[in-house]
Every structure is written in structure tokens, then in C-alpha cells.
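A.B. asks: Mind having a look at this structure? Questions to follow.
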Amino acid sequence: MKRIVSLLFIALSLCSFLNAQVDLPRNLTPAEIEQISHGDFSIVNSDRGIASPPPFTNIRAMAEWEEIQCLTISWISYPTILKQIVAAARTQTLVVILSEDVAATEAYLFGTAGGPAFTDLNNVIILPANYDSVWMRDYGANPAYSNEVEDLFLVDWIYNRPTRPNDNSSPQYVADYLGLNMYTTTSAPEDLVNTGGNWMSDGFGTAIVTELILDENAVGNPYGVTAKTEAEIDAIASSYLGIDRYIKMPTLPYDGIHHIDMHMKLIDEQTLLVGEYPAGVSDGPQINANMDYVVSNFMNKWGEPYKTIRIPMPPSTSGAWPSSNPAASYRTYSNAVFVNKMVILPLYREQYDTTALRIWQEALPGYQIVGIDCDNNPDNIIAASGAIHCITHSVGVADPLLISHNPLPDTDNTTTDYSVVAYMNHRDGVAAGRMYWKTSLTGAYTQVDMVNVGSNNWEGFIPAQPAGTRVYYYVEGEASTGKVLQRPMSAPEGYWSFDVFGGNVINEQAFSFSRIFPNPASEMTCVEFNARASQKAQAFIVDMQGRRVKEIYSGVLSPDQSKVFFNASDLVAGVYAVQLITDKGAYRLPFIVK
């Protein structure tokens with residue numbers, strides 16, 4: 001209960017300056033805090049949907065980077081941002097708009113306010129609906145599948161805002177329009193309070209959230225729901241969404257809403273895009289501790305450590321951070337949404353935006369990266385504690401062609417062909433798998449027919465390449481129905497890649513990298529490693545063409561030496577790697593210079 005009171009106090013301090021606005025902020029309003037403090041929280045329209053677990057086996061909650069049939073928004077507040085989202089997203093998928101005034105929404109889209117006028121409503125559906133706020137992510141329902149790739153359905157939680165009953169019930173409009181069953185955690189003992197912004201799924205049974213999920217359903221919770229242990233919450237996530245591993249991180253001191261989408265995002269099955277503050281600033285120390293906890297204690301779906309990509313969290317225009325000024329907006333570049341081959345993310349100021357856009361593009365080659373201003377007039381949405389991800393939600397396709405692949409790492413192998421294995425599944429079966437590779441971005445891809453090796457795994461081989469080669473490749477599946485899909489979804493413009501170095505593979509028992517930090521780097525930077533035996537070594541900074549930029553170490557590594565430092569201030573912004581060469585071989589670890 002103490003943590004809940006603390007949460008309410010922080011939320012009050014963050015949103016008090018918004019009280020004069022008509023628009024509801026993403027966090028609790030003072031009136032809502034007062035109402036909750038008196039235990040006055042009733043679940044309105046609790047009979048929406050089906051208040052029992054889905055009657056399916058092998059349930060799979062969809063990951064955000066999967067193929068979607070529509071993006072959904074609620075048309076209220078911040079119309080210039082909403083218009084830009086619709087304009088971009090409808091080039092990739094259907095956009096479903098909930099509107100309390102369909103004619104007014106159409107008029108805005110066809111008008112010149114907020115951006116170029118629409119000339120048609122192709123790929124746009126406007127549904128008459130009742131709702132209270134713009135924060136579709138938090139009150140929208142989450143898509144999931146039975147038997148991994150079969151019946152699509154929606155799952156909806158109790159929204160934790162007491163004065164927004166229409167928000168809580170509005171997911172039914174989307175479910176009805178798409179003809180989908182919606183299952184709701186609204187009846188005891190499975191009455192669960194949560195929000196969509198505090199939810200990330202890898203599409204294979206793992207979800208990551210903050211401990212807000214524990215606080216809001218604990219003994220003494222102010223929402224009137226049945227008190228639950230962590231094990232009971234895990235059981236609900238399992239029965240409704242197929243989650244068998246529910247990773248929970250401590251909440252952050254200065255993020256008043258404690259939603260994970262304000263500081264991190266899963267961008268594929270193995271990679272976490274994580275917000276980064278300057279050393280010791282604001283929520284930086286807790287974010288770093290949380291990431292250390294996740295990387296140290298959990299493996300990705302392939303049994304390997306999660307990779308992390310750090311992306312700056314910009315300050316307010318005054319230079320203040322949330323820790324130094326309660327009114328400082330919580331600016332974040334992780335609050336982005338996947339729309340098939342596109343990612344839409346918030347922008348703030350050019351000096352920070354250029355770095356963020358570059359990091360996103362380098363992380364997801366071939367994707368169209370679209371930025372929308374969320375920090376300036378007329379629609380300063382970030383001041384209300386949210387951005388792009390917060391006001392959008394998506395629904396997966398009815399017939400997913402599920403493809404998952406563990407990208408090949410850099411290698412010293414120049415003699416044995418490289419095995420590419422991809423998991424492919426479709427409700428009607430997979431008829432064929434193909435893999436495409438090349439060694440030059442300007443060259444043509446070579447097609448390789450993959451072979452079904454069992455358990456929905458398909459395998460193909462890339463011929464061994466000489467040292468100094470960079471290989472680009474992607475995979476493609478074809479369902480028995482004729483449906484074809486690539487991974488990465490942005491292929492053939494997008495791809496995975498790996499470098500062939502040559503020489504011997506390092507004995508991992510003798511040496512392993514830990515991390516490079518800060519990453520992105522700009523000034524003094526640390527390389528952490530584990531040397532389990534003394535060995536001669538040289539370390540270099542190399543660019544992405546493998547050219548040595550500068551030497552950062554030459555000597556003998558010993559078990560008691562775990563750090564090497566270099567100054568990144570003289571490096572041009574871009575992607576580099578630390579290359580370590582020992583008498584046992586060579587190894588690289590990439591990093592970014594901002």
C-alpha cells in the first residue's frame with residue numbers, strides 16, 4: 001500500500017500543472033487521485049466481452065513487430081499528431097479511428113489544418129464511438145492467437161482510471177467491427193488491473209512489465225479488485241495470453257506512470273531498445289539496474305542473452321530532467337509503434353532527433369522510420385506523459401505466417417557453409433521456405449530453397465565466404481494458401497548481416513565481452529570483459545567496413561583486469577565495433593557513437 005500511495009503522490013505532482021487542460025493526461029488527474037484515495041473505483045461495463053479465460057490451448061500473445069491488419073486510435077486531443085499518424089500508417093495498413101463526431105473527424109482529415117489535406121479515406125475507417133481520452137494503448141485490448149497461429153482474439157484488462165468508464169469499455173467497438181471475441185479480466189478472482197503501456201511481449205510466451213502490475217493488484221489496492229499474489233497474476237497472464245515467463249522490473253523513481261513503454265521497447269525477439277540518461281541523472285541508474293537484472297537473469301527465446309541498444313532520453317528545453325524539475329516532460333524515443341514495414345516515433349528537438357532516427361534506422365535496416373513532433377505547439381503531447389505508442393494500438397492479421405530467426409553472429413569460419421534456420425508456422429501449413437543472400441548491398445540476392453527439418457524449422461545454407469566479407473540475408477516463408485511473408489518484414493530492402501573475420505574462434509572459456517558503456521558513446525567509454533586466463537591482446541576501434549580506426553589497448557590481459565577505456569569524442573557519429581585480437585583468435589562487439 002505504501003508503494004501505491006507513493007505512486008499517487010508522484011502522479012499528482014506530475015499532473016497538477018495539467019489540471020487546467022480539458023484534455024485528460026495519460027497519468028491520473030487530481031480528481032482521480034482523490035477518488036481512488038477514498039476507495040471510490042467502480043468497474044463500469046464490467047460485462048463487456050467474455051469474462052473468462054479463452055478456451056484454447058497453446059495461446060500466443062502477439063509481438064508488436066508482427067504483421068497487423070489495422071492500427072487503432074481514438075480521435076480526441078492532439079489532432080495534428082493523430083492526422084500525421086493516420087497519413088503515415090494508412091500506407092501500411094488499415095487505420096481504424098474511434099470518433100465521437102465522424103463528420104468533424106472527416107472534415108479535419110480533408111482540411112489543411114494539422115498537415116496536408118487528405119484527398120480520400122483509402123485505408124481509413126471511422127467508427128462512431130464513446131470514449132474519454134486519447135490513450136488508446138492503455139485501455140485498448142491486446143491481440144493473441146490460439147494454437148500459436150490460429151483463432152485471433154482480443155484480451156482486455158481493467159483500465160486503472162476511475163473517471164474514464166468509456167475508455168474502459170471502448171475496446172468492444174474494435175472487437176465488434178473486426179468480428180473478434182474479446183476476453184476480459186473483469187470478474188473475480190481473475191479481475192486484473194493493468195494498462196497496455198506497461199506490457200511488452202516477444203510473441204513466444206515472454207512478457208516484460210514493471211512492478212506496477214504487482215502494486216495495483218496487491219492487498220489494500222484502491223481499485224476494489226481481488227488481492228493477488230505474484231503467482232496468481234502470473235497464472236492470469238498465462239491463461240488469458242499464454243505468458244509462461246512474466247518478467248517484472250522495479251518501477252522508476254521519476255516516471256510517474258511507471259509504464260515500460262516510456263523507457264524501453266522490444267524491437268525483435270532478442271533486442272531491447274532502452275532509453276539512456278547521462279550518468280547518474282534522473283531514472284538512469286534504475287534503468288541501468290533493471291537492464292542488468294534482465295540481461296543477467298533471463299535469456300531470449302534462443303537461450304542467449306538479450307542484446308541492448310541504448311537511445312538517448314533528451315532533457316527539457318530548459319535543460320532540466322524529470323529528477324530536477326517535476327514539470328520536466330519525460331521525453332522518450334522508445335515510445336514508438338510498429339506498423340508493418342514502418343516505425344512511427346516521437347520527435348522533440350533536432351539536436352537529439354537526428355541521433356535517435358539514426359539509431360532506429362541502424363537497428364532496423366529497410367524499415368521506413370517516420371518521426372512526428374510531440375514536443376511543440378500546437379500539440380505538446382509529451383507534457384501529458386505520453387507520445388506515439390501511448391495513443392495507438394494494433395490488431396494482428398487473422399492468418400499470421402509466423403516466422404522467427406536467430407540472426408547469425410559474426411564469425412571467423414571461412415571454410416564451412418553457414419546454416420540459416422528459421423521457424424515458420426501457419427494455420428494451413430507452410431509449403432516452402434526460401435533464403436536470400438548477397439555480399440554487396442548493390443548486388444543481387446541469390447535464392448536458396450530451404451528444407452523442412454522438423455518441428456516447423458526450415459534450414460538453408462550460405463556458402464562459406466573469405467575473411468573480410470560481409471553477408472546480407474533474409475528469409476521468406478510461403479503458406480499452403482499462397483501467402484508469402486519475409487523476415488525481417490522490411491526485406492528485401494531490410495536484412496540481417498554478419499561479418500566473416502577469419503582466424504580462429506576465441507575460446508569462450510578463456511575470454512568473453514561483457515558490455516560497452518555508455519552506448520551510444522560520446523566521450524570516455526568503458527569496455528568490460530572477462531579474461532579467465534592471461535593472454536596477449538590488442539584492441540582496436542574498427543568501422544563497419546572492418547577498417548581499424550585506432551588502437552585502444554596493447555598488452556597482456558589477465559583475470560584481474562576487466563576494463564579497457566577509450567575516448568569516443570574524436571570519432572565521427574556512426575556504428576563501430578571494438579575488435580579484440582589475442583593469440584586464440586579475434587572477437588568484435590559493436591557500439592554506437594553519437
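How things are named: the first chain in the C-alpha cells is A, the next is B, and so on; residues count from 1 in each chain; ligands count from 1 in the order shown.
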Once you count only C-alpha atoms, what closest atom pair and distance in Å to one decimal does each residue of stretch 102-164 of chain A within 9 Å of stretch 377-401 of chain A have, with rows by chain and rising residue number, as a tab-separated table?

C.D. replies:
```
residue	atom	partner	partner_atom	distance
A:Gly114	CA	A:Pro378	CA	8.9
A:Val134	CA	A:Ile391	CA	5.8
A:Trp135	CA	A:Ile391	CA	4.6
A:Met136	CA	A:Ile391	CA	4.8
A:Arg137	CA	A:Cys390	CA	4.9
A:Asp138	CA	A:Cys390	CA	6.7
A:Gly140	CA	A:His393	CA	6.6
A:Ala141	CA	A:His393	CA	8.1
A:Asn142	CA	A:Val395	CA	7.5
A:Pro143	CA	A:Val395	CA	5.7
A:Ala144	CA	A:Gly396	CA	8.0
A:Tyr145	CA	A:Ala398	CA	8.8
A:Val149	CA	A:Pro400	CA	6.0
A:Glu150	CA	A:Asp399	CA	7.0
A:Asp151	CA	A:Ala398	CA	7.3
A:Leu152	CA	A:Ala398	CA	5.8
A:Leu154	CA	A:Val395	CA	8.4
```

A.B. asks: Only C-alpha atoms, please: the residues just picked out, written as a PDB file, in the first residue's frame.

C.D. replies:
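What landed in part-v7.pdb:
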```
ATOM      1  CA  GLY A 114      -2.561  19.807 -38.954  1.00  0.00           C
ATOM      2  CA  VAL A 134      -6.762   9.636 -26.411  1.00  0.00           C
ATOM      3  CA  TRP A 135      -4.642   6.990 -24.629  1.00  0.00           C
ATOM      4  CA  MET A 136      -5.659   4.028 -26.758  1.00  0.00           C
ATOM      5  CA  ARG A 137      -2.609   1.930 -25.838  1.00  0.00           C
ATOM      6  CA  ASP A 138      -3.504   1.863 -22.169  1.00  0.00           C
ATOM      7  CA  GLY A 140      -7.104  -0.954 -25.762  1.00  0.00           C
ATOM      8  CA  ALA A 141      -7.258  -4.745 -25.950  1.00  0.00           C
ATOM      9  CA  ASN A 142      -4.271  -6.947 -26.772  1.00  0.00           C
ATOM     10  CA  PRO A 143      -4.293  -9.422 -29.685  1.00  0.00           C
ATOM     11  CA  ALA A 144      -3.499 -13.102 -29.204  1.00  0.00           C
ATOM     12  CA  TYR A 145      -3.843 -16.381 -31.086  1.00  0.00           C
ATOM     13  CA  VAL A 149      -1.256 -19.120 -35.265  1.00  0.00           C
ATOM     14  CA  GLU A 150      -4.963 -19.952 -35.389  1.00  0.00           C
ATOM     15  CA  ASP A 151      -8.006 -18.119 -33.937  1.00  0.00           C
ATOM     16  CA  LEU A 152      -7.307 -14.422 -33.411  1.00  0.00           C
ATOM     17  CA  LEU A 154      -8.514  -9.867 -28.026  1.00  0.00           C
TER      18      LEU A 154
END
```

A.B. asks: Quote the spacing between atom CA of A:Gln84 and atom CA of A:Glu67 in Å to one decimal place.

C.D. replies: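 Result for atom CA of A:Gln84 versus atom CA of A:Glu67: 21.0 Å, one decimal.
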
A.B. asks: As an NGL selection string, please: the residues near stretch 310-324 of chain A (cut-off 9 Å, only C-alpha atoms, same-chain neighbours under 3 positions excluded).

C.D. replies: :A and (253-255 or 263 or 272-278 or 281-283 or 327-334 or 348-349 or 352-353 or 355-356 or 359-360 or 518-520 or 592)

A.B. asks: Point out the residue among A:Ala231, A:Ser497, A:Ala188, A:Asp202 with the least atom-to-atom distance to A:Met299, counting only C-alpha atoms.

C.D. replies: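 The answer is A:Asp202, which sits nearest to A:Met299.
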
A.B. asks: Could you check which of A:Ala113, A:Met524, A:Val343, A:Met264 is closest to A:Pro79, using only C-alpha atoms?

C.D. replies: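 Nearest candidate to A:Pro79 out of A:Ala113, A:Met524, A:Val343, A:Met264: A:Ala113.
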
A.B. asks: Using only C-alpha atoms, which of A:Ser455, A:Asn123, A:Asn160, A:Ser170 sits nearest A:Asn221?

C.D. replies: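 For A:Asn221, the nearest of the given residues is A:Asn160.
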
A.B. asks: Could you list, as a list of chain:residue names, every residue within 7 Å of A:Val575, counting only C-alpha atoms and ignoring same-chain residues fewer than 6 positions away?

C.D. replies: A:Asp543, A:Met544, A:Phe591, A:Ile592, A:Val593

A.B. asks: Would you save the residues from that selection as an mmCIF file, in the first residue's frame, using C-alpha atoms?

C.D. replies:
```
data_model
loop_
_atom_site.group_PDB
_atom_site.id
_atom_site.type_symbol
_atom_site.label_atom_id
_atom_site.label_comp_id
_atom_site.auth_asym_id
_atom_site.auth_seq_id
_atom_site.Cartn_x
_atom_site.Cartn_y
_atom_site.Cartn_z
ATOM 1 C CA ASP A 543 34.359 0.833 -38.538
ATOM 2 C CA MET A 544 31.615 -1.206 -40.117
ATOM 3 C CA PHE A 591 28.657 0.118 -30.361
ATOM 4 C CA ILE A 592 27.325 3.479 -31.488
ATOM 5 C CA VAL A 593 28.986 6.904 -31.387
#
```

A.B. asks: Can you tell me, as a PyMOL selection string, which residues in stretch 309-531 of chain A count as strand (DSSP E or B) by DSSP?

C.D. replies: chain A and resi 309-312+337-339+342-347+368-373+393-396+402-405+411+418-425+430-438+446-454+457-462+469-479+484-487+496-500+505+511-517+521+524-531

A.B. asks: For atom CA of A:Met291 and atom CA of A:Arg245, quote the distance in Å rounded to one decimal.

C.D. replies: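 Calculated distance between atom CA of A:Met291 and atom CA of A:Arg245 is 16.5 Å.
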
A.B. asks: Nearest residue to A:Thr72 out of A:Thr226, A:Thr93, A:Thr163, A:Gln447, using only C-alpha atoms?

C.D. replies: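 Using only C-alpha atoms, the shortest distance to A:Thr72 belongs to A:Thr93.
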
A.B. asks: Excluding A:Gly366 and its own-chain neighbours fewer than 2 positions away, which residues fall within 7 Å of it when counting only C-alpha atoms? Please give them as a PDB file with N, CA and C atoms, in the first residue's frame.

C.D. replies:
```pdb
ATOM      1  N   LEU A 364      17.037  -1.271 -37.453  1.00  0.00           N
ATOM      2  CA  LEU A 364      16.016  -1.924 -38.284  1.00  0.00           C
ATOM      3  C   LEU A 364      16.220  -1.542 -39.751  1.00  0.00           C
ATOM      4  N   GLN A 368      10.814   1.851 -42.876  1.00  0.00           N
ATOM      5  CA  GLN A 368      10.564   3.279 -43.030  1.00  0.00           C
ATOM      6  C   GLN A 368      10.392   3.872 -41.644  1.00  0.00           C
ATOM      7  N   SER A 490      10.837  -5.964 -43.489  1.00  0.00           N
ATOM      8  CA  SER A 490      11.214  -4.916 -44.437  1.00  0.00           C
ATOM      9  C   SER A 490      12.007  -5.438 -45.622  1.00  0.00           C
ATOM     10  N   ALA A 491      12.329  -6.756 -45.666  1.00  0.00           N
ATOM     11  CA  ALA A 491      13.071  -7.330 -46.783  1.00  0.00           C
ATOM     12  C   ALA A 491      12.258  -7.172 -48.092  1.00  0.00           C
ATOM     13  N   GLU A 493      14.538  -4.799 -48.903  1.00  0.00           N
ATOM     14  CA  GLU A 493      15.317  -3.613 -48.516  1.00  0.00           C
ATOM     15  C   GLU A 493      15.974  -3.831 -47.159  1.00  0.00           C
ATOM     16  N   GLY A 494      15.283  -4.522 -46.291  1.00  0.00           N
ATOM     17  CA  GLY A 494      15.829  -4.864 -44.981  1.00  0.00           C
ATOM     18  C   GLY A 494      16.533  -6.208 -45.012  1.00  0.00           C
TER      19      GLY A 494
END
```

A.B. asks: For a quick check of understanding, using only C-alpha atoms, which of A:Asn166, A:Gly111, A:Ser238, A:Ile243 has the smallest distance to A:Met200?

C.D. replies: A:Ile243

A.B. asks: When distances are computed from only C-alpha atoms, which of A:Leu121, A:Leu241, A:Val219, A:Val225 shows the smallest separation from A:Pro54?

C.D. replies: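 Between A:Leu121, A:Leu241, A:Val219, A:Val225, the residue approaching A:Pro54 most closely is A:Leu241.
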
A.B. asks: Counting only C-alpha atoms, what is within 8 Å of A:Asp132, bar same-chain residues fewer than 3 positions away, as a list in words?

C.D. replies: Leu24, Arg164, Pro165, Asn166 and Asp167 of chain A

A.B. asks: If you run DSSP on the backbone, which residues of stretch 271-506 of chain A are alpha helix (DSSP H), as a list in words?

C.D. replies: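 For stretch 271-506 of chain A, the alpha helix (DSSP H) set is Gly284, Pro285, Gln286, Ile287, Asn288, Ala289, Asn290, Met291, Asp292, Tyr293, Val294, Val295, Ser296, Asn297, Glu350, Gln351, Tyr352, Asp353, Thr354, Thr355, Ala356, Leu357, Arg358, Ile359, Trp360, Gln361, Glu362 and Ala363 of chain A.
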
A.B. asks: I need the residues from that last selection saved to file as a JSON list (two decimals), in the first residue's frame (with N, CA and C atoms), if you can.

C.D. replies:
```
[["chain", "number", "residue", "atom", "x", "y", "z"],
["A", 284, "GLY", "N", 18.16, 7.20, -14.87],
["A", 284, "GLY", "CA", 19.25, 6.43, -15.47],
["A", 284, "GLY", "C", 19.77, 5.30, -14.61],
["A", 285, "PRO", "N", 20.11, 5.54, -13.34],
["A", 285, "PRO", "CA", 20.64, 4.45, -12.51],
["A", 285, "PRO", "C", 19.67, 3.29, -12.36],
["A", 286, "GLN", "N", 18.37, 3.57, -12.19],
["A", 286, "GLN", "CA", 17.42, 2.48, -12.03],
["A", 286, "GLN", "C", 17.20, 1.74, -13.35],
["A", 287, "ILE", "N", 17.16, 2.48, -14.45],
["A", 287, "ILE", "CA", 17.04, 1.82, -15.75],
["A", 287, "ILE", "C", 18.22, 0.89, -15.98],
["A", 288, "ASN", "N", 19.44, 1.36, -15.67],
["A", 288, "ASN", "CA", 20.62, 0.52, -15.85],
["A", 288, "ASN", "C", 20.56, -0.71, -14.95],
["A", 289, "ALA", "N", 20.11, -0.53, -13.73],
["A", 289, "ALA", "CA", 19.99, -1.66, -12.81],
["A", 289, "ALA", "C", 18.95, -2.66, -13.33],
["A", 290, "ASN", "N", 17.85, -2.15, -13.86],
["A", 290, "ASN", "CA", 16.82, -3.03, -14.40],
["A", 290, "ASN", "C", 17.33, -3.83, -15.59],
["A", 291, "MET", "N", 18.10, -3.16, -16.46],
["A", 291, "MET", "CA", 18.63, -3.86, -17.63],
["A", 291, "MET", "C", 19.66, -4.91, -17.21],
["A", 292, "ASP", "N", 20.47, -4.56, -16.23],
["A", 292, "ASP", "CA", 21.44, -5.55, -15.72],
["A", 292, "ASP", "C", 20.71, -6.77, -15.17],
["A", 293, "TYR", "N", 19.60, -6.52, -14.48],
["A", 293, "TYR", "CA", 18.80, -7.62, -13.92],
["A", 293, "TYR", "C", 18.24, -8.52, -15.03],
["A", 294, "VAL", "N", 17.68, -7.90, -16.06],
["A", 294, "VAL", "CA", 17.08, -8.68, -17.14],
["A", 294, "VAL", "C", 18.14, -9.47, -17.89],
["A", 295, "VAL", "N", 19.22, -8.80, -18.29],
["A", 295, "VAL", "CA", 20.26, -9.46, -19.09],
["A", 295, "VAL", "C", 20.97, -10.54, -18.29],
["A", 296, "SER", "N", 21.10, -10.33, -16.99],
["A", 296, "SER", "CA", 21.83, -11.30, -16.16],
["A", 296, "SER", "C", 20.98, -12.51, -15.77],
["A", 297, "ASN", "N", 19.66, -12.35, -15.78],
["A", 297, "ASN", "CA", 18.81, -13.42, -15.24],
["A", 297, "ASN", "C", 17.91, -14.10, -16.26],
["A", 350, "GLU", "N", 15.72, 18.86, -32.93],
["A", 350, "GLU", "CA", 16.57, 18.29, -33.97],
["A", 350, "GLU", "C", 17.91, 17.81, -33.44],
["A", 351, "GLN", "N", 18.51, 18.51, -32.48],
["A", 351, "GLN", "CA", 19.83, 18.12, -32.00],
["A", 351, "GLN", "C", 19.83, 16.73, -31.38],
["A", 352, "TYR", "N", 18.70, 16.28, -30.88],
["A", 352, "TYR", "CA", 18.58, 14.93, -30.33],
["A", 352, "TYR", "C", 17.90, 13.97, -31.33],
["A", 353, "ASP", "N", 16.98, 14.51, -32.12],
["A", 353, "ASP", "CA", 16.21, 13.68, -33.03],
["A", 353, "ASP", "C", 17.09, 12.98, -34.06],
["A", 354, "THR", "N", 18.09, 13.68, -34.59],
["A", 354, "THR", "CA", 18.92, 13.08, -35.63],
["A", 354, "THR", "C", 19.63, 11.82, -35.13],
["A", 355, "THR", "N", 20.08, 11.87, -33.88],
["A", 355, "THR", "CA", 20.73, 10.69, -33.29],
["A", 355, "THR", "C", 19.73, 9.55, -33.12],
["A", 356, "ALA", "N", 18.54, 9.87, -32.61],
["A", 356, "ALA", "CA", 17.53, 8.84, -32.39],
["A", 356, "ALA", "C", 17.09, 8.20, -33.70],
["A", 357, "LEU", "N", 16.88, 9.01, -34.71],
["A", 357, "LEU", "CA", 16.46, 8.46, -36.00],
["A", 357, "LEU", "C", 17.53, 7.54, -36.58],
["A", 358, "ARG", "N", 18.79, 7.94, -36.41],
["A", 358, "ARG", "CA", 19.89, 7.11, -36.92],
["A", 358, "ARG", "C", 19.95, 5.77, -36.17],
["A", 359, "ILE", "N", 19.77, 5.81, -34.85],
["A", 359, "ILE", "CA", 19.82, 4.57, -34.06],
["A", 359, "ILE", "C", 18.69, 3.63, -34.48],
["A", 360, "TRP", "N", 17.49, 4.16, -34.63],
["A", 360, "TRP", "CA", 16.37, 3.34, -35.06],
["A", 360, "TRP", "C", 16.64, 2.74, -36.45],
["A", 361, "GLN", "N", 17.14, 3.56, -37.37],
["A", 361, "GLN", "CA", 17.36, 3.06, -38.73],
["A", 361, "GLN", "C", 18.44, 2.00, -38.78],
["A", 362, "GLU", "N", 19.51, 2.18, -37.99],
["A", 362, "GLU", "CA", 20.58, 1.19, -37.97],
["A", 362, "GLU", "C", 20.13, -0.10, -37.29],
["A", 363, "ALA", "N", 19.21, 0.02, -36.35],
["A", 363, "ALA", "CA", 18.70, -1.18, -35.66],
["A", 363, "ALA", "C", 17.75, -1.97, -36.54]]
```
